[in-house]
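What's in target-v6.tsv: TSV, N, CA and C atoms
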chain	number	residue	atom	x	y	z
L	1	MET	N	-16.13	-6.56	-9.84
L	1	MET	CA	-14.71	-6.70	-10.09
L	1	MET	C	-14.41	-6.58	-11.59
L	2	ALA	N	-15.35	-6.96	-12.43
L	2	ALA	CA	-15.11	-6.90	-13.87
L	2	ALA	C	-14.82	-5.48	-14.32
L	3	SER	N	-15.57	-4.51	-13.82
L	3	SER	CA	-15.32	-3.13	-14.24
L	3	SER	C	-13.96	-2.63	-13.77
L	4	SER	N	-13.54	-3.04	-12.58
L	4	SER	CA	-12.24	-2.59	-12.10
L	4	SER	C	-11.11	-3.28	-12.87
L	5	LEU	N	-11.37	-4.47	-13.41
L	5	LEU	CA	-10.35	-5.12	-14.23
L	5	LEU	C	-10.13	-4.36	-15.53
L	6	HIS	N	-11.17	-3.71	-16.04
L	6	HIS	CA	-11.00	-2.89	-17.23
L	6	HIS	C	-10.07	-1.71	-16.95
L	7	GLN	N	-10.01	-1.27	-15.71
L	7	GLN	CA	-9.16	-0.15	-15.32
L	7	GLN	C	-7.71	-0.59	-15.11
L	8	LEU	N	-7.49	-1.87	-14.93
L	8	LEU	CA	-6.18	-2.38	-14.57
L	8	LEU	C	-5.06	-1.99	-15.53
L	9	PRO	N	-5.21	-2.12	-16.85
L	9	PRO	CA	-4.10	-1.71	-17.73
L	9	PRO	C	-3.72	-0.24	-17.54
L	10	PHE	N	-4.72	0.62	-17.40
L	10	PHE	CA	-4.44	2.04	-17.17
L	10	PHE	C	-3.71	2.23	-15.83
L	11	ILE	N	-4.20	1.59	-14.79
L	11	ILE	CA	-3.59	1.72	-13.46
L	11	ILE	C	-2.16	1.20	-13.48
L	12	LEU	N	-1.95	0.04	-14.10
L	12	LEU	CA	-0.60	-0.53	-14.13
L	12	LEU	C	0.36	0.34	-14.92
L	13	SER	N	-0.08	0.86	-16.06
L	13	SER	CA	0.83	1.71	-16.83
L	13	SER	C	1.07	3.04	-16.13
L	14	THR	N	0.04	3.60	-15.56
L	14	THR	CA	0.19	4.86	-14.83
L	14	THR	C	1.07	4.66	-13.61
L	15	ALA	N	0.83	3.60	-12.86
L	15	ALA	CA	1.62	3.35	-11.66
L	15	ALA	C	3.09	3.13	-12.01
L	16	GLY	N	3.33	2.44	-13.12
L	16	GLY	CA	4.71	2.21	-13.52
L	16	GLY	C	5.43	3.50	-13.87
L	17	VAL	N	4.74	4.37	-14.58
L	17	VAL	CA	5.32	5.65	-14.96
L	17	VAL	C	5.51	6.55	-13.75
L	18	LEU	N	4.54	6.52	-12.86
L	18	LEU	CA	4.58	7.41	-11.70
L	18	LEU	C	5.39	6.82	-10.56
L	19	GLY	N	5.69	5.56	-10.61
L	19	GLY	CA	6.49	4.93	-9.58
L	19	GLY	C	5.76	4.77	-8.26
L	20	LEU	N	4.45	4.90	-8.26
L	20	LEU	CA	3.68	4.78	-7.02
L	20	LEU	C	4.38	5.50	-5.88
L	21	SER	N	4.77	6.73	-6.13
L	21	SER	CA	5.54	7.49	-5.14
L	21	SER	C	4.78	7.80	-3.88
L	22	PHE	N	3.50	7.49	-3.84
L	22	PHE	CA	2.71	7.80	-2.67
L	22	PHE	C	2.74	6.69	-1.64
L	23	MET	N	3.56	5.71	-1.79
L	23	MET	CA	3.53	4.54	-0.92
L	23	MET	C	4.38	4.63	0.33
L	24	ALA	N	5.03	5.72	0.60
L	24	ALA	CA	5.91	5.79	1.76
L	24	ALA	C	5.19	6.38	2.97
L	25	PRO	N	5.05	5.60	4.04
L	25	PRO	CA	4.41	6.13	5.23
L	25	PRO	C	5.36	7.03	6.01
L	26	PRO	N	4.83	7.94	6.83
L	26	PRO	CA	5.69	8.82	7.60
L	26	PRO	C	6.40	8.07	8.72
L	27	LEU	N	7.55	8.56	9.11
L	27	LEU	CA	8.30	7.94	10.19
L	27	LEU	C	7.57	8.01	11.52
L	28	GLN	N	6.74	9.04	11.73
L	28	GLN	CA	6.10	9.22	13.02
L	28	GLN	C	4.88	8.32	13.22
L	29	ALA	N	4.42	7.63	12.20
L	29	ALA	CA	3.25	6.77	12.35
L	29	ALA	C	3.61	5.57	13.22
L	30	VAL	N	2.82	5.35	14.26
L	30	VAL	CA	3.07	4.24	15.18
L	30	VAL	C	1.74	3.55	15.46
L	31	ALA	N	1.75	2.24	15.47
L	31	ALA	CA	0.53	1.48	15.74
L	31	ALA	C	0.56	0.89	17.14
L	32	GLN	N	-0.61	0.49	17.59
L	32	GLN	CA	-0.71	-0.21	18.87
L	32	GLN	C	-0.15	-1.62	18.68
L	33	PRO	N	0.81	-2.06	19.50
L	33	PRO	CA	1.37	-3.39	19.33
L	33	PRO	C	0.33	-4.50	19.39
L	34	GLU	N	-0.70	-4.36	20.26
L	34	GLU	CA	-1.72	-5.38	20.36
L	34	GLU	C	-2.45	-5.55	19.03
L	35	ARG	N	-2.73	-4.47	18.38
L	35	ARG	CA	-3.44	-4.46	17.10
L	35	ARG	C	-2.59	-5.12	16.02
L	36	ALA	N	-1.31	-4.81	16.00
L	36	ALA	CA	-0.43	-5.34	14.97
L	36	ALA	C	-0.33	-6.86	15.03
L	37	GLU	N	-0.40	-7.43	16.21
L	37	GLU	CA	-0.26	-8.87	16.35
L	37	GLU	C	-1.47	-9.61	15.80
L	38	THR	N	-2.60	-8.94	15.64
L	38	THR	CA	-3.79	-9.62	15.16
L	38	THR	C	-3.90	-9.60	13.64
L	39	ILE	N	-3.00	-8.95	12.96
L	39	ILE	CA	-3.06	-8.84	11.51
L	39	ILE	C	-2.53	-10.12	10.88
L	40	THR	N	-3.32	-10.68	9.98
L	40	THR	CA	-2.86	-11.84	9.22
L	40	THR	C	-3.06	-11.55	7.75
L	41	LEU	N	-2.07	-11.89	6.96
L	41	LEU	CA	-2.13	-11.62	5.53
L	41	LEU	C	-3.07	-12.57	4.80
L	42	ALA	N	-3.27	-13.78	5.33
L	42	ALA	CA	-4.10	-14.77	4.64
L	42	ALA	C	-5.59	-14.45	4.75
L	43	ALA	N	-6.01	-13.77	5.79
L	43	ALA	CA	-7.43	-13.52	6.02
L	43	ALA	C	-7.85	-12.19	5.40
L	44	VAL	N	-8.08	-12.19	4.10
L	44	VAL	CA	-8.53	-10.97	3.43
L	44	VAL	C	-9.93	-11.19	2.87
L	45	LYS	N	-10.70	-10.13	2.86
L	45	LYS	CA	-12.08	-10.19	2.40
L	45	LYS	C	-12.19	-10.07	0.88
L	46	HIS	N	-11.35	-9.24	0.28
L	46	HIS	CA	-11.40	-8.98	-1.16
L	46	HIS	C	-10.11	-9.46	-1.83
L	47	THR	N	-10.25	-10.00	-3.02
L	47	THR	CA	-9.10	-10.45	-3.80
L	47	THR	C	-8.81	-9.44	-4.90
L	48	TYR	N	-7.53	-9.13	-5.10
L	48	TYR	CA	-7.12	-8.20	-6.14
L	48	TYR	C	-6.38	-8.95	-7.23
L	49	HIS	N	-6.37	-8.37	-8.40
L	49	HIS	CA	-5.67	-8.96	-9.55
L	49	HIS	C	-4.20	-9.17	-9.18
L	50	PRO	N	-3.63	-10.34	-9.50
L	50	PRO	CA	-2.24	-10.63	-9.13
L	50	PRO	C	-1.22	-9.59	-9.64
L	51	GLN	N	-1.45	-9.02	-10.84
L	51	GLN	CA	-0.52	-8.00	-11.34
L	51	GLN	C	-0.57	-6.73	-10.49
L	52	LEU	N	-1.75	-6.38	-10.04
L	52	LEU	CA	-1.89	-5.21	-9.18
L	52	LEU	C	-1.18	-5.44	-7.85
L	53	VAL	N	-1.36	-6.62	-7.29
L	53	VAL	CA	-0.70	-6.97	-6.02
L	53	VAL	C	0.82	-6.92	-6.19
L	54	LYS	N	1.30	-7.51	-7.28
L	54	LYS	CA	2.75	-7.55	-7.53
L	54	LYS	C	3.31	-6.14	-7.71
L	55	LEU	N	2.63	-5.33	-8.50
L	55	LEU	CA	3.08	-3.96	-8.74
L	55	LEU	C	3.07	-3.14	-7.46
L	56	TYR	N	1.98	-3.22	-6.71
L	56	TYR	CA	1.86	-2.48	-5.46
L	56	TYR	C	3.00	-2.86	-4.52
L	57	THR	N	3.18	-4.16	-4.32
L	57	THR	CA	4.20	-4.63	-3.39
L	57	THR	C	5.60	-4.23	-3.85
L	58	SER	N	5.87	-4.38	-5.13
L	58	SER	CA	7.19	-4.03	-5.67
L	58	SER	C	7.51	-2.55	-5.51
L	59	GLU	N	6.59	-1.70	-5.95
L	59	GLU	CA	6.83	-0.26	-5.89
L	59	GLU	C	6.84	0.26	-4.46
L	60	CYS	N	5.95	-0.25	-3.65
L	60	CYS	CA	5.90	0.14	-2.24
L	60	CYS	C	7.21	-0.25	-1.55
L	61	THR	N	7.68	-1.47	-1.80
L	61	THR	CA	8.93	-1.94	-1.18
L	61	THR	C	10.11	-1.07	-1.59
L	62	LYS	N	10.21	-0.77	-2.90
L	62	LYS	CA	11.30	0.10	-3.37
L	62	LYS	C	11.26	1.44	-2.65
L	63	ARG	N	10.07	1.99	-2.50
L	63	ARG	CA	9.91	3.31	-1.89
L	63	ARG	C	10.30	3.29	-0.42
L	64	LEU	N	9.87	2.26	0.31
L	64	LEU	CA	10.21	2.19	1.74
L	64	LEU	C	11.71	1.99	1.95
L	65	VAL	N	12.33	1.23	1.07
L	65	VAL	CA	13.78	1.04	1.17
L	65	VAL	C	14.49	2.36	0.91
L	66	LYS	N	14.05	3.07	-0.12
L	66	LYS	CA	14.70	4.33	-0.50
L	66	LYS	C	14.43	5.47	0.48
L	67	VAL	N	13.17	5.69	0.80
L	67	VAL	CA	12.79	6.85	1.60
L	67	VAL	C	13.03	6.65	3.09
L	68	GLN	N	12.74	5.45	3.60
L	68	GLN	CA	12.86	5.22	5.04
L	68	GLN	C	14.03	4.33	5.42
L	69	ASN	N	14.81	3.92	4.42
L	69	ASN	CA	15.99	3.11	4.68
L	69	ASN	C	15.66	1.79	5.38
L	70	ASN	N	14.48	1.23	5.07
L	70	ASN	CA	14.12	-0.09	5.59
L	70	ASN	C	14.89	-1.15	4.81
L	71	SER	N	15.08	-2.31	5.43
L	71	SER	CA	15.64	-3.43	4.68
L	71	SER	C	14.58	-3.88	3.69
L	72	PRO	N	14.99	-4.51	2.58
L	72	PRO	CA	13.99	-5.00	1.63
L	72	PRO	C	12.98	-5.96	2.27
L	73	ALA	N	13.44	-6.83	3.16
L	73	ALA	CA	12.53	-7.78	3.80
L	73	ALA	C	11.51	-7.06	4.68
L	74	ARG	N	11.97	-6.08	5.45
L	74	ARG	CA	11.07	-5.32	6.32
L	74	ARG	C	10.09	-4.49	5.48
L	75	ALA	N	10.58	-3.86	4.43
L	75	ALA	CA	9.73	-3.06	3.57
L	75	ALA	C	8.65	-3.92	2.92
L	76	THR	N	9.04	-5.10	2.45
L	76	THR	CA	8.07	-6.02	1.84
L	76	THR	C	7.01	-6.43	2.85
L	77	GLN	N	7.43	-6.70	4.08
L	77	GLN	CA	6.49	-7.08	5.13
L	77	GLN	C	5.46	-5.96	5.37
L	78	ILE	N	5.92	-4.74	5.46
L	78	ILE	CA	5.03	-3.59	5.69
L	78	ILE	C	4.09	-3.41	4.51
L	79	CYS	N	4.61	-3.52	3.31
L	79	CYS	CA	3.79	-3.33	2.11
L	79	CYS	C	2.74	-4.42	1.96
L	80	GLN	N	3.11	-5.66	2.20
L	80	GLN	CA	2.15	-6.75	2.12
L	80	GLN	C	1.07	-6.59	3.19
L	81	CYS	N	1.47	-6.18	4.36
L	81	CYS	CA	0.52	-5.94	5.43
L	81	CYS	C	-0.45	-4.82	5.06
L	82	SER	N	0.07	-3.72	4.52
L	82	SER	CA	-0.79	-2.59	4.16
L	82	SER	C	-1.79	-3.00	3.08
L	83	LEU	N	-1.34	-3.82	2.14
L	83	LEU	CA	-2.25	-4.31	1.11
L	83	LEU	C	-3.31	-5.22	1.72
L	84	GLY	N	-2.91	-6.05	2.66
L	84	GLY	CA	-3.87	-6.90	3.36
L	84	GLY	C	-4.91	-6.09	4.11
L	85	GLN	N	-4.46	-4.99	4.71
L	85	GLN	CA	-5.38	-4.09	5.40
L	85	GLN	C	-6.40	-3.51	4.42
L	86	MET	N	-5.92	-3.13	3.25
L	86	MET	CA	-6.81	-2.57	2.24
L	86	MET	C	-7.78	-3.65	1.72
L	87	GLN	N	-7.28	-4.87	1.53
L	87	GLN	CA	-8.12	-5.95	1.04
L	87	GLN	C	-9.20	-6.35	2.05
L	88	GLN	N	-8.96	-6.12	3.30
L	88	GLN	CA	-9.98	-6.40	4.32
L	88	GLN	C	-11.16	-5.44	4.19
L	89	ARG	N	-10.90	-4.23	3.73
L	89	ARG	CA	-11.90	-3.17	3.77
L	89	ARG	C	-12.50	-2.80	2.41
L	90	HIS	N	-11.76	-3.01	1.34
L	90	HIS	CA	-12.17	-2.44	0.05
L	90	HIS	C	-12.06	-3.42	-1.10
L	91	SER	N	-13.01	-3.31	-2.02
L	91	SER	CA	-12.94	-4.07	-3.27
L	91	SER	C	-11.77	-3.52	-4.09
L	92	GLN	N	-11.41	-4.23	-5.15
L	92	GLN	CA	-10.31	-3.76	-6.00
L	92	GLN	C	-10.62	-2.39	-6.60
L	93	GLY	N	-11.84	-2.18	-7.06
L	93	GLY	CA	-12.21	-0.88	-7.62
L	93	GLY	C	-12.09	0.24	-6.61
L	94	GLU	N	-12.51	-0.02	-5.39
L	94	GLU	CA	-12.39	0.99	-4.33
L	94	GLU	C	-10.93	1.26	-4.02
L	95	ALA	N	-10.13	0.19	-4.00
L	95	ALA	CA	-8.69	0.35	-3.72
L	95	ALA	C	-8.02	1.18	-4.80
L	96	ILE	N	-8.37	0.94	-6.04
L	96	ILE	CA	-7.80	1.72	-7.14
L	96	ILE	C	-8.16	3.19	-6.98
L	97	ALA	N	-9.40	3.46	-6.59
L	97	ALA	CA	-9.82	4.85	-6.38
L	97	ALA	C	-9.04	5.48	-5.22
L	98	ILE	N	-8.80	4.73	-4.16
L	98	ILE	CA	-8.04	5.24	-3.00
L	98	ILE	C	-6.60	5.53	-3.42
L	99	LEU	N	-5.99	4.61	-4.16
L	99	LEU	CA	-4.60	4.80	-4.60
L	99	LEU	C	-4.49	5.97	-5.57
L	100	SER	N	-5.48	6.14	-6.42
L	100	SER	CA	-5.48	7.29	-7.33
L	100	SER	C	-5.58	8.60	-6.56
L	101	LYS	N	-6.46	8.62	-5.56
L	101	LYS	CA	-6.62	9.82	-4.72
L	101	LYS	C	-5.32	10.09	-3.95
L	102	ALA	N	-4.70	9.04	-3.45
L	102	ALA	CA	-3.44	9.19	-2.72
L	102	ALA	C	-2.37	9.77	-3.62
L	103	HIS	N	-2.31	9.27	-4.85
L	103	HIS	CA	-1.31	9.78	-5.78
L	103	HIS	C	-1.54	11.26	-6.06
L	104	SER	N	-2.78	11.62	-6.31
L	104	SER	CA	-3.10	13.03	-6.60
L	104	SER	C	-2.72	13.94	-5.44
L	105	SER	N	-2.93	13.48	-4.23
L	105	SER	CA	-2.65	14.32	-3.06
L	105	SER	C	-1.17	14.34	-2.69
L	106	SER	N	-0.36	13.49	-3.32
L	106	SER	CA	1.06	13.41	-2.95
L	106	SER	C	1.97	14.20	-3.88
L	107	GLN	N	1.41	14.90	-4.83
L	107	GLN	CA	2.23	15.60	-5.82
L	107	GLN	C	3.22	16.57	-5.18
L	108	GLY	N	2.83	17.26	-4.12
L	108	GLY	CA	3.71	18.24	-3.49
L	108	GLY	C	4.85	17.64	-2.69
L	109	ASN	N	4.66	16.45	-2.13
L	109	ASN	CA	5.67	15.83	-1.29
L	109	ASN	C	5.65	14.32	-1.54
L	110	PRO	N	6.37	13.84	-2.54
L	110	PRO	CA	6.31	12.43	-2.91
L	110	PRO	C	6.90	11.47	-1.88
L	111	SER	N	7.62	11.96	-0.88
L	111	SER	CA	8.17	11.05	0.11
L	111	SER	C	7.28	10.93	1.35
L	112	ALA	N	6.22	11.69	1.43
L	112	ALA	CA	5.30	11.60	2.56
L	112	ALA	C	4.08	10.77	2.18
L	113	MET	N	3.51	10.12	3.16
L	113	MET	CA	2.33	9.32	2.91
L	113	MET	C	1.07	10.19	2.97
L	114	PRO	N	0.24	10.11	1.96
L	114	PRO	CA	-1.03	10.82	2.02
L	114	PRO	C	-1.89	10.30	3.17
L	115	THR	N	-2.66	11.17	3.75
L	115	THR	CA	-3.51	10.82	4.87
L	115	THR	C	-4.44	9.65	4.55
L	116	VAL	N	-4.90	9.58	3.31
L	116	VAL	CA	-5.83	8.53	2.91
L	116	VAL	C	-5.22	7.13	3.05
L	117	LEU	N	-3.91	7.00	3.08
L	117	LEU	CA	-3.26	5.69	3.21
L	117	LEU	C	-2.89	5.34	4.65
L	118	SER	N	-2.95	6.27	5.55
L	118	SER	CA	-2.58	6.03	6.95
L	118	SER	C	-3.27	4.82	7.57
L	119	PRO	N	-4.58	4.65	7.37
L	119	PRO	CA	-5.24	3.52	8.02
L	119	PRO	C	-4.70	2.16	7.60
L	120	TYR	N	-4.05	2.08	6.46
L	120	TYR	CA	-3.55	0.80	5.96
L	120	TYR	C	-2.11	0.54	6.39
L	121	PHE	N	-1.32	1.59	6.54
L	121	PHE	CA	0.07	1.44	6.94
L	121	PHE	C	0.28	1.46	8.45
L	122	THR	N	-0.46	2.27	9.15
L	122	THR	CA	-0.24	2.47	10.59
L	122	THR	C	-0.22	1.15	11.38
L	123	PRO	N	-1.19	0.26	11.20
L	123	PRO	CA	-1.13	-0.99	11.98
L	123	PRO	C	0.06	-1.87	11.60
L	124	CYS	N	0.60	-1.68	10.44
L	124	CYS	CA	1.68	-2.53	9.94
L	124	CYS	C	3.06	-2.10	10.43
L	125	LEU	N	3.20	-0.86	10.80
L	125	LEU	CA	4.51	-0.35	11.18
L	125	LEU	C	5.00	-0.91	12.51
L	126	ALA	N	4.09	-1.41	13.33
L	126	ALA	CA	4.49	-1.98	14.62
L	126	ALA	C	4.82	-3.47	14.52
L	127	LEU	N	4.59	-4.06	13.37
L	127	LEU	CA	4.93	-5.48	13.21
L	127	LEU	C	6.42	-5.68	13.41
L	128	LYS	N	6.77	-6.73	14.08
L	128	LYS	CA	8.19	-7.03	14.28
L	128	LYS	C	8.72	-7.65	13.00
L	129	GLY	N	9.89	-7.17	12.59
L	129	GLY	CA	10.43	-7.66	11.32
L	129	GLY	C	11.65	-8.40	11.43

For the structure just supplied, provide its representation as C-alpha cells.
Amino acid sequence: MASSLHQLPFILSTAGVLGLSFMAPPLQAVAQPERAETITLAAVKHTYHPQLVKLYTSECTKRLVKVQNNSPARATQICQCSLGQMQQRHSQGEAIAILSKAHSSSQGNPSAMPTVLSPYFTPCLALKG
C-alpha cells in the first residue's frame, strides 16, 4: 500500500482535472437481483486512502447524475457499491491501475462505461434505491 500511496497525489490531481469521466455505467447493464442483495459496503477486503474514496465517490456521483439522470442519493449508492466491489477484489494499487486503464479506454466516449469497470457497477445497478 505504501507504493500506491506515493501515486495518490498524481491520481488525485489527474482525476480532478479529468473529472473521472469514465465512471458512468451503461443504461443496459443489469444485475441479478439475488446477487445485489448480498452486497454489503462494510465487508471489504482492501482499504483505500480516504481522499481516493471521497474523490471517486464524488466524481462518480456527479457523472451518474449528469449522464444517467439519477438522483444524487441513488448515484451515491451505486458509486459506493461499485467502490465496495472493487475493494473486495483489488488492493489500492490495483484499483488505481484499473481506473487509469478505464480512463484511457474512455477517451472516445466519455459517457460510456469502459468494459473494465463493468464487474464493479453491474451488481450495484439492481440495488433498490

Using all atoms listed in the file - which residues lie no farther than 8 Å from the point (11.9, -6.8, 0.1) in the file's frame? Write them as a PyMOL selection string.
chain L and resi 57-58+61-62+70-77

Keeping only N, CA and C atoms, take the residues you just selected and write them out as an mmCIF file, in the coordinates of the input.
data_model
loop_
_atom_site.group_PDB
_atom_site.id
_atom_site.type_symbol
_atom_site.label_atom_id
_atom_site.label_comp_id
_atom_site.auth_asym_id
_atom_site.auth_seq_id
_atom_site.Cartn_x
_atom_site.Cartn_y
_atom_site.Cartn_z
ATOM 1 N N THR L 57 3.180 -4.160 -4.320
ATOM 2 C CA THR L 57 4.200 -4.630 -3.390
ATOM 3 C C THR L 57 5.600 -4.230 -3.850
ATOM 4 N N SER L 58 5.870 -4.380 -5.130
ATOM 5 C CA SER L 58 7.190 -4.030 -5.670
ATOM 6 C C SER L 58 7.510 -2.550 -5.510
ATOM 7 N N THR L 61 7.680 -1.470 -1.800
ATOM 8 C CA THR L 61 8.930 -1.940 -1.180
ATOM 9 C C THR L 61 10.110 -1.070 -1.590
ATOM 10 N N LYS L 62 10.210 -0.770 -2.900
ATOM 11 C CA LYS L 62 11.300 0.100 -3.370
ATOM 12 C C LYS L 62 11.260 1.440 -2.650
ATOM 13 N N ASN L 70 14.480 1.230 5.070
ATOM 14 C CA ASN L 70 14.120 -0.090 5.590
ATOM 15 C C ASN L 70 14.890 -1.150 4.810
ATOM 16 N N SER L 71 15.080 -2.310 5.430
ATOM 17 C CA SER L 71 15.640 -3.430 4.680
ATOM 18 C C SER L 71 14.580 -3.880 3.690
ATOM 19 N N PRO L 72 14.990 -4.510 2.580
ATOM 20 C CA PRO L 72 13.990 -5.000 1.630
ATOM 21 C C PRO L 72 12.980 -5.960 2.270
ATOM 22 N N ALA L 73 13.440 -6.830 3.160
ATOM 23 C CA ALA L 73 12.530 -7.780 3.800
ATOM 24 C C ALA L 73 11.510 -7.060 4.680
ATOM 25 N N ARG L 74 11.970 -6.080 5.450
ATOM 26 C CA ARG L 74 11.070 -5.320 6.320
ATOM 27 C C ARG L 74 10.090 -4.490 5.480
ATOM 28 N N ALA L 75 10.580 -3.860 4.430
ATOM 29 C CA ALA L 75 9.730 -3.060 3.570
ATOM 30 C C ALA L 75 8.650 -3.920 2.920
ATOM 31 N N THR L 76 9.040 -5.100 2.450
ATOM 32 C CA THR L 76 8.070 -6.020 1.840
ATOM 33 C C THR L 76 7.010 -6.430 2.850
ATOM 34 N N GLN L 77 7.430 -6.700 4.080
ATOM 35 C CA GLN L 77 6.490 -7.080 5.130
ATOM 36 C C GLN L 77 5.460 -5.960 5.370
#

Any idea what the distance is between atom N of Glu94 of chain L and atom CA of Gln80 of chain L?
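Computing it gives 17.8 Å between the two atoms.
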
Edge lengths and centre, in Å to one decimal, as JSON: that's what I need for the box along x, y and z that holds all listed atoms of segment 62-72 of chain L plus 4 Å on each side.
{"center_x": 12.9, "center_y": 0.4, "center_z": 1.1, "size_x": 14.1, "size_y": 20.8, "size_z": 17.0}

Pairwise distance for atom CA of Pro114 of chain L and atom CA of Cys81 of chain L, rounded to one decimal in Å
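The value is 17.2 Å.
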
Point-to-point distance in Å for atom N of Gly84 of chain L and atom CA of Pro119 of chain L:
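So the two atoms, atom CA of Pro119 of chain L and atom N of Gly84 of chain L, lie 11.2 Å apart.
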
Rank nothing, just name the residue among L:Asn69, L:His49, L:Ile78, L:Glu59 nearest to Pro123 of chain L, using all atoms listed in the file.
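Closest to Pro123 of chain L of all the choices is L:Ile78.
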
Nearest to Phe121 of chain L among L:Asn109, L:Gln92, L:Ser82, L:Gln87, with distances taken over only C-alpha atoms: which residue is it?
L:Ser82

Quick check for you: according to DSSP on this backbone, which residues of segment 50-129 of chain L are classed as helix (DSSP H, G or I)? Reply as a ChimeraX atom specification.
/L:50-68,72-89,92-105,115-124

Contacts of Ala95 of chain L at 12 Å (only C-alpha atoms; same-chain gap of 4+ positions) as an MDAnalysis selection string
chainID L and resid 1 4:5 7:8 11 46:49 52:53 56 82:91 99:102 116:117 120
